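Only one structure is covered here, and it is reproduced in the block below.
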Amino acid sequence: MSESLARVYTNTSRRANRQKSIDHKVVYKSVLGNPFHVDWPTISPSLQQKILIQLTTLFDGVAAHYQLVGNARKKSRLASSSSLEQAGSHVNESSHEPLSLPTSAPLIIPHLTVGINKVTKTLETEVRTGRQTVVTSNTAQDVTRLLTRVIFICHEDLDTPAIVAHLPQLVAMCNSARPDDRKIKVVQLPAGAQTSLASALGYLKRVSVMALDNLAPGLGQLEPLLATVPDPPASWLASMREVALEPSHIKQLLTIAPKDMKVAKERRAQGRAAAKERNRTKSRLSHGVTGT
């Protein structure tokens, strides 16, 4: 196997200190790959950057709106605290005058879902509703129905990418029940996207995942770029008549094993016996103390 095809993990083992005295050798173990795994769509870095720039332009005015909302809330808290201090006075009547809150919120805010948990719940809901048979007398309702259109993931900025590993599979499940023109796109954004999106929104320190629905204003500006983004591949969700069975994938896991298995087993047995003896000693001492 070539090094370019191997994925290397360098996490420190929690048992490394306890196993220093045992001689180890490098071994390869065969592992059967999960056939239900969905890979991330492959997107070029230049396309990721273009999508990020176009996406941030859709949030013009959002940061300013939330800044006004925050200032209004601060004024409201100050007014309520001052009214409590002046309770019983005639000044208290004028302190309850309505504060001027920003009324013209950007139109894109209701069409935006931010956060890993919120996006996951939205996709799970769409998976359930997408497989229900609904009979309606007016077909126009289906056209105006809010559906997730695209999901943006700051994959390069995540310290633990495993927390978003379930999203491609959820998207593939949603797409399996949708026509081609309504499939959800999954876009991995370049490094630094967390800070860029957080600055554009104005009320979060970082943004890991966000989604836009199919009626989001300005989405048409992103459609030419999204058209080149491939759908998450999930052949196991396709019809059996169209796609053959998924072939078996056997991976080679690089790990270590003791050079002398007999010595290693004897040491483990000695360690378990020593641990049991320590527990018995503690138990006898505790009973002796309580008895006195």
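Identifiers for the structure tokens are assigned positionally: chains receive A, B, ... in sequence, residues are indexed from 1 per chain, and ligands are indexed from 1 in the order shown.
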Please build the interface table for range 110-210 of chain A against range 30-43 of chain A with a cut-off of 9 Å, listing for each qualifying residue the nearest atom pair and the distance in Å to one decimal; count only C-alpha atoms, order rows by chain and increasing number, and write it as CSV.
```
residue,atom,partner,partner_atom,distance
A:Ala165,CA,A:Val38,CA,8.8
A:His166,CA,A:Val38,CA,8.6
A:Pro168,CA,A:Val38,CA,6.0
A:Gln169,CA,A:Val38,CA,5.5
A:Ala172,CA,A:Val38,CA,7.8
A:Lys185,CA,A:Pro41,CA,9.0
A:Val186,CA,A:Pro41,CA,7.0
A:Val187,CA,A:Pro41,CA,7.5
A:Gln188,CA,A:Ile43,CA,7.4
```
Go through A:Lys29, A:His65, A:His111, A:Arg128 one by one, measure the shortest atom-to-atom distance of each to Cys174 in chain A using only C-alpha atoms, and give the residue with the smallest value.
-> A:Arg128
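Look at Ala211 in chain A: the protein and nucleic acid residues within 8 Å of it, using only C-alpha atoms and passing over chain neighbours fewer than 6 places away, are Leu112, Thr113, Val114, Val119, Thr148, Arg149, Val150, Ile151 and Phe152 of chain A.
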For the residues in the current selection, export C-alpha atoms as a compact mmCIF listing (two decimals), in the first residue's frame.
```txt
# COMPACT_ATOMS: atom_id res chain seq x y z
CA LEU A 112 -30.58 30.27 8.16
CA THR A 113 -29.84 27.37 10.51
CA VAL A 114 -26.63 27.60 12.52
CA VAL A 119 -28.67 21.30 11.48
CA THR A 148 -32.63 22.43 3.24
CA ARG A 149 -30.75 23.29 0.07
CA VAL A 150 -27.10 23.48 1.10
CA ILE A 151 -24.99 22.78 4.18
CA PHE A 152 -21.69 24.55 4.82
```
Range 179-248 of chain A: residues DSSP assigns to strand (DSSP E or B), reported as a VMD selection string | chain A and resid 185 to 188 209 to 213
Residue nearest Leu107 in chain A - candidates A:Leu146, A:Val171, A:Pro217, A:Gly202, atoms counted: only C-alpha atoms = A:Pro217
With distances taken over only C-alpha atoms, which of A:Ala227, A:Ile108, A:Ala273, A:Met261 is nearest to Leu47 in chain A?
-> A:Ala227
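Minimum atom-to-atom distances from A:Asn175, A:Gln194, A:Ser235, A:Thr281 to Thr56 in chain A were compared using only C-alpha atoms, and the lowest value belongs to A:Gln194.
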Rank A:Cys154, A:Val263, A:Ala72, A:Ala177 by their smallest atom-to-atom distance to Ala198 in chain A, using only C-alpha atoms, and report the top residue only.
-> A:Cys154
For each of A:Ala162, A:Leu147, A:Glu124, A:Gly271, take the minimum atom-to-atom distance to Ala216 in chain A, counting only C-alpha atoms, then give the residue where this is smallest.
->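 The shortest atom-to-atom distance to Ala216 in chain A comes from A:Leu147.
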If we count only C-alpha atoms, what is near Gly70 in chain A at a cut-off of 12 Å, once residues fewer than 5 positions away on the same chain are taken out, given as JSON, numbers by chain?
-> {"A": [63, 64, 65, 75, 76, 77, 101, 102, 202, 203]}
